[in-house]
Amino acid sequence: MKKLLNDSKKVASQYTTWVTFVGLLLLLSILTNGQALRWSSIRNLLIAESVRSFAALGVGMIIITKGIDLSIGYVVCLTASVAASFAQNPDYSSAIYAGQTFPLIVPIVAAVAAGGLFGLFNGYLIAYGKLPPFIATLGSMSIAKGLQLIYTKAAVVGSLNQNFKNISQGSVGPVPNLIIYVVIAALVVWILLKHTRQGTHFYAIGGNAQAARVSGINVERDLMMVYFYAGLLYGTAGTLLASRLGLANSLTANGMELDAIAAVTVGGVSQNGGVGKVSGMMVGVFTMGLINYGMSFLGVDSYYQQLVKGFIIIIAVYFDMKKYARRA
């Protein structure tokens, strides 16, 4: 009996993220009389969390290297505005490029490139400028916000053409396009982290940067690359968000950095670096989504939802530190 109890505790500790997710799903199902388990509810949840998944995958890789990124929300906001500006209907009088029609590929490439450039900027400040990630990305957050306001003149970027909106709003049979994109992105990041030398380097840098450098890893280059990859994911998130909403403004993606960091922390990506899985990141995203959905369904005020998110981050980091302190 004692052995069974110990085994159960070991399994629960090893799969805490999954146990939490399943437990919340069952609880929500009971509270909603089974409505939470209907395909329509699950589909809505997946769509709602899809864009955040890209941000979580990006910051998850960064945290594995023992970094952090506070610029996510405004970088996504900026890239969404860039994508939207190239997808406006040409006859819209308030369009940024009034009278101009661009191929569908242009808003996508422009937004992803803008995200990638911001990632390189963050990476350079941290890897070669030797700035603490917190300070570097805090500064770039403000820069991204300023650039977005200057580029859009603080106006709503609306009247987007239908072809662009179909990128996120379309579906393949019963499966929304957004879900397909998330699966592809998660698969790419999983291959990068688990099946490439660079992914191994990310874990090594997060575990001990000095030891990684001694073993021959170019720490500065790999740090630049992890922020670059994250920037590409933010740019993709901005494109999809603008497509889904059919517009972009200065409030687009507001607070997404909090959601993404909370999700990956809940998903088992250690703030101490060197630990984290793509599966955990994704489960963390949908765990946070379940909490948001559940509170909204039960009529909890949105202000309290922010309060709950803050406590979730603190509690998740506390237990993460306790767990790895015991292993040390």
# chains A, B, ... in the order shown; residues from 1 in each chain; ligands from 1
>>> residues_around(residues="Gln306 (chain A)", least_positions_apart="5", cutoff="12 Å", atoms="only C-alpha atoms", output="JSON, numbers by chain")
{"A": [255, 256, 258, 259, 262, 288, 291, 292, 295, 296, 300, 301, 311, 312, 313]}
>>> residues_around(residues="region 120-131 of chain A", least_positions_apart="6", cutoff="12 Å", atoms="only C-alpha atoms", output="number ranges by chain")
A: 62, 65-72, 75, 113-114, 137-141, 143-144, 205, 209, 218-232
>>> residues_around(residues="Asp91 (chain A)", least_positions_apart="4", cutoff="10 Å", atoms="only C-alpha atoms", output="number ranges by chain")
A: 95, 97-101, 159
>>> closest_residue(among="A:Asn161, A:Ser29, A:Thr252, A:Gln169", to="Leu149 (chain A)", atoms="only C-alpha atoms")
A:Thr252
>>> select_by_dssp(residues="region 10-113 of chain A", states="alpha helix (DSSP H)", output="PyMOL selection string")
chain A and resi 10-14+16-31+39-64+72-85+105-113
>>> atom_distance(atom1="CA of Ser142 (chain A)", atom2="CA of Val109 (chain A)")
23.3 Å
>>> residues_around(residues="Gly206 (chain A)", least_positions_apart="6", cutoff="8 Å", atoms="only C-alpha atoms", output="PyMOL selection string")
chain A and resi 63-66+272-275
>>> select_by_dssp(residues="region 145-215 of chain A", states="strand (DSSP E)", output="list in words")
Ser171, Val172, Val175 and Pro176 of chain A
